[in-house]
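Notes for the one structure printed next.
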Amino acid sequence: MIERCVGCNAEVQVIDGPIHRYMTSAPGCWQRYGELLGVLYTRPTLQMAVVLCVDTYAVQHPGTPNPQAIQSVAVHLLNLYDYLVRGRPARRPQELLSDRAFHSIAPPSSRASFWLEPPSFAASRTVFDMPLSGTDDAIETSARAWAESAWAAWSAHHNRIADWYVMYARS
Ligand SMILES: [Zn+2]
């Protein structure tokens, strides 16, 4: 049986399994992401791909407007903006805006105004387009293509994210 992931819209095998607490997905999609990270973490030369994949998976699985999901989407979109638009090298430390900084900008009582309505990912690449083996170059190229594709899907909010970057991101 096949289902569509509620986050990234990928067609996935229906399985019984866990999902992340607020990055809501189909269990089969979450499992695939775990497999991907498992592969990437064993290859220290793929740090850039790890960073891009973590941000990209998060912005394709925005969940519902609860305080943690709102923070996650905002922080990961700011990271993608920094890497893909401003050209910051994708490496750790990943967080452009720390959780503590976000908390002071957007305390839970006012956080709803930071929710960005998620776009459709029907035309986007997904975690299933990421190879689980291959050369570093091939994996990095795929990671970047996935990140670009997910970032493009959020285009209705690009200006808002750029504004947040100016207002909040540490340099
Ligand atoms: Zn998914």
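Order determines the names: the first chain of the structure tokens is A, the second B, and so forth; residues in each chain are numbered 1 upward, and ligands are numbered 1 upward as they are shown.
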So which residues of chain A fall under alpha helix (DSSP H) by DSSP, listed as a VMD selection string?
chain A and resid 27 to 41 47 to 60 67 to 80 99 to 105 136 to 153 158 to 168
For the selection you just gave me, I'd like the residues written to a file as a PDB file, in the first residue's frame, keeping C-alpha atoms.
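And here is the file that came out, result.pdb:
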```pdb
ATOM      1  CA  PRO A  27       6.318   6.917   8.877  1.00  0.00           C
ATOM      2  CA  GLY A  28       7.934   5.639   5.657  1.00  0.00           C
ATOM      3  CA  CYS A  29       9.335   9.094   4.922  1.00  0.00           C
ATOM      4  CA  TRP A  30      10.767   9.496   8.441  1.00  0.00           C
ATOM      5  CA  GLN A  31      12.360   6.066   8.146  1.00  0.00           C
ATOM      6  CA  ARG A  32      13.990   6.984   4.843  1.00  0.00           C
ATOM      7  CA  TYR A  33      15.374  10.192   6.360  1.00  0.00           C
ATOM      8  CA  GLY A  34      16.870   8.144   9.192  1.00  0.00           C
ATOM      9  CA  GLU A  35      18.506   5.822   6.681  1.00  0.00           C
ATOM     10  CA  LEU A  36      19.916   8.771   4.769  1.00  0.00           C
ATOM     11  CA  LEU A  37      21.406  10.398   7.880  1.00  0.00           C
ATOM     12  CA  GLY A  38      22.782   7.024   8.937  1.00  0.00           C
ATOM     13  CA  VAL A  39      24.694   6.844   5.656  1.00  0.00           C
ATOM     14  CA  LEU A  40      25.831  10.477   5.687  1.00  0.00           C
ATOM     15  CA  TYR A  41      27.076  10.386   9.295  1.00  0.00           C
ATOM     16  CA  GLN A  47      29.329  17.375   6.298  1.00  0.00           C
ATOM     17  CA  MET A  48      27.908  19.857   3.791  1.00  0.00           C
ATOM     18  CA  ALA A  49      25.327  17.349   2.626  1.00  0.00           C
ATOM     19  CA  VAL A  50      24.292  16.593   6.215  1.00  0.00           C
ATOM     20  CA  VAL A  51      23.746  20.259   6.967  1.00  0.00           C
ATOM     21  CA  LEU A  52      21.694  20.820   3.807  1.00  0.00           C
ATOM     22  CA  CYS A  53      19.639  17.657   4.284  1.00  0.00           C
ATOM     23  CA  VAL A  54      18.744  18.466   7.899  1.00  0.00           C
ATOM     24  CA  ASP A  55      17.499  21.943   6.989  1.00  0.00           C
ATOM     25  CA  THR A  56      15.714  20.741   3.883  1.00  0.00           C
ATOM     26  CA  TYR A  57      13.903  17.860   5.538  1.00  0.00           C
ATOM     27  CA  ALA A  58      12.712  20.212   8.295  1.00  0.00           C
ATOM     28  CA  VAL A  59      11.258  22.813   5.912  1.00  0.00           C
ATOM     29  CA  GLN A  60       9.458  20.109   3.921  1.00  0.00           C
ATOM     30  CA  PRO A  67       5.412  26.843  19.067  1.00  0.00           C
ATOM     31  CA  GLN A  68       8.130  24.262  18.357  1.00  0.00           C
ATOM     32  CA  ALA A  69       7.126  23.758  14.740  1.00  0.00           C
ATOM     33  CA  ILE A  70       6.993  27.514  14.146  1.00  0.00           C
ATOM     34  CA  GLN A  71      10.502  27.889  15.536  1.00  0.00           C
ATOM     35  CA  SER A  72      11.810  24.920  13.551  1.00  0.00           C
ATOM     36  CA  VAL A  73      10.474  26.168  10.222  1.00  0.00           C
ATOM     37  CA  ALA A  74      11.753  29.705  10.818  1.00  0.00           C
ATOM     38  CA  VAL A  75      15.241  28.651  11.873  1.00  0.00           C
ATOM     39  CA  HIS A  76      15.699  26.090   9.089  1.00  0.00           C
ATOM     40  CA  LEU A  77      14.392  28.468   6.404  1.00  0.00           C
ATOM     41  CA  LEU A  78      16.837  31.114   7.635  1.00  0.00           C
ATOM     42  CA  ASN A  79      19.641  28.582   7.295  1.00  0.00           C
ATOM     43  CA  LEU A  80      18.633  27.743   3.711  1.00  0.00           C
ATOM     44  CA  ASP A  99      16.942  28.559  20.055  1.00  0.00           C
ATOM     45  CA  ARG A 100      17.487  31.015  22.866  1.00  0.00           C
ATOM     46  CA  ALA A 101      17.647  33.971  20.489  1.00  0.00           C
ATOM     47  CA  PHE A 102      14.503  32.823  18.763  1.00  0.00           C
ATOM     48  CA  HIS A 103      12.792  32.496  22.113  1.00  0.00           C
ATOM     49  CA  SER A 104      13.537  36.120  22.978  1.00  0.00           C
ATOM     50  CA  ILE A 105      12.397  37.383  19.567  1.00  0.00           C
ATOM     51  CA  ASP A 136      30.742  12.524  -2.463  1.00  0.00           C
ATOM     52  CA  ASP A 137      30.187  14.734  -5.483  1.00  0.00           C
ATOM     53  CA  ALA A 138      27.042  12.927  -6.527  1.00  0.00           C
ATOM     54  CA  ILE A 139      25.579  13.053  -3.020  1.00  0.00           C
ATOM     55  CA  GLU A 140      26.454  16.722  -2.523  1.00  0.00           C
ATOM     56  CA  THR A 141      24.953  17.623  -5.881  1.00  0.00           C
ATOM     57  CA  SER A 142      21.738  15.805  -4.980  1.00  0.00           C
ATOM     58  CA  ALA A 143      21.603  17.451  -1.551  1.00  0.00           C
ATOM     59  CA  ARG A 144      21.967  20.863  -3.093  1.00  0.00           C
ATOM     60  CA  ALA A 145      19.316  20.135  -5.741  1.00  0.00           C
ATOM     61  CA  TRP A 146      16.905  18.961  -3.032  1.00  0.00           C
ATOM     62  CA  ALA A 147      17.607  22.067  -0.914  1.00  0.00           C
ATOM     63  CA  GLU A 148      17.151  24.412  -3.900  1.00  0.00           C
ATOM     64  CA  SER A 149      13.915  22.702  -4.817  1.00  0.00           C
ATOM     65  CA  ALA A 150      12.451  22.940  -1.304  1.00  0.00           C
ATOM     66  CA  TRP A 151      13.606  26.551  -0.943  1.00  0.00           C
ATOM     67  CA  ALA A 152      11.967  27.438  -4.287  1.00  0.00           C
ATOM     68  CA  ALA A 153       8.669  25.967  -3.086  1.00  0.00           C
ATOM     69  CA  HIS A 158      11.153  34.570   0.548  1.00  0.00           C
ATOM     70  CA  ASN A 159      10.791  38.296   1.251  1.00  0.00           C
ATOM     71  CA  ARG A 160       9.628  37.701   4.795  1.00  0.00           C
ATOM     72  CA  ILE A 161      12.545  35.346   5.450  1.00  0.00           C
ATOM     73  CA  ALA A 162      14.981  37.919   4.050  1.00  0.00           C
ATOM     74  CA  ASP A 163      13.466  40.507   6.416  1.00  0.00           C
ATOM     75  CA  TRP A 164      13.900  38.162   9.375  1.00  0.00           C
ATOM     76  CA  TYR A 165      17.481  37.591   8.338  1.00  0.00           C
ATOM     77  CA  VAL A 166      18.218  41.312   8.466  1.00  0.00           C
ATOM     78  CA  MET A 167      16.391  41.751  11.763  1.00  0.00           C
ATOM     79  CA  TYR A 168      17.422  38.658  13.691  1.00  0.00           C
TER      80      TYR A 168
END
```
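Identified as lying at most 7 Å from ligand 1 when counting only C-alpha atoms and all ligand atoms are the residues Cys5, Val6, Gly7, Cys8, Asn9, Ala10, Ser25, Ala26, Cys29, Trp30, Gln60, His61 and Thr126 of chain A.
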Can you measure CA of Pro118 in chain A to CA of Pro62 in chain A for me? One decimal in Å is fine.
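That distance, rounded to one decimal, is 6.9 Å.
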Excluding Glu3 in chain A and residues on its chain fewer than 4 positions from it, collect all residues at most 8 Å away from it, counting only C-alpha atoms, and give them as a ChimeraX atom specification.
/A:11-14,26
Pick from A:Arg4, A:Asn66, A:Asp82, A:Ser155, whichever lies nearest to Ala112 in chain A using only C-alpha atoms:
A:Asn66
Write out as a list in words the set of residues from chain A that DSSP, computed on the backbone, places in strand (DSSP E or B).
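Assigned to strand (DSSP E or B), within chain A: Ile2, Glu3, Arg4, Glu11, Val12 and Gln13 of chain A.
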Output file for the selection above: N, CA and C atoms, as a compact mmCIF listing (two decimals), in the first residue's frame:
```
# COMPACT_ATOMS: atom_id res chain seq x y z
N ILE A 2 0.39 2.24 -0.71
CA ILE A 2 1.15 3.49 -0.87
C ILE A 2 0.35 4.63 -0.22
N GLU A 3 1.05 5.55 0.40
CA GLU A 3 0.40 6.77 0.88
C GLU A 3 1.26 7.96 0.49
N ARG A 4 0.67 9.16 0.61
CA ARG A 4 1.45 10.37 0.34
C ARG A 4 1.87 10.97 1.68
N GLU A 11 5.38 9.87 -2.48
CA GLU A 11 4.66 8.61 -2.40
C GLU A 11 5.52 7.63 -1.61
N VAL A 12 4.97 7.10 -0.55
CA VAL A 12 5.75 6.19 0.29
C VAL A 12 4.95 4.94 0.62
N GLN A 13 5.70 3.90 0.86
CA GLN A 13 5.12 2.65 1.31
C GLN A 13 4.48 2.88 2.68
```
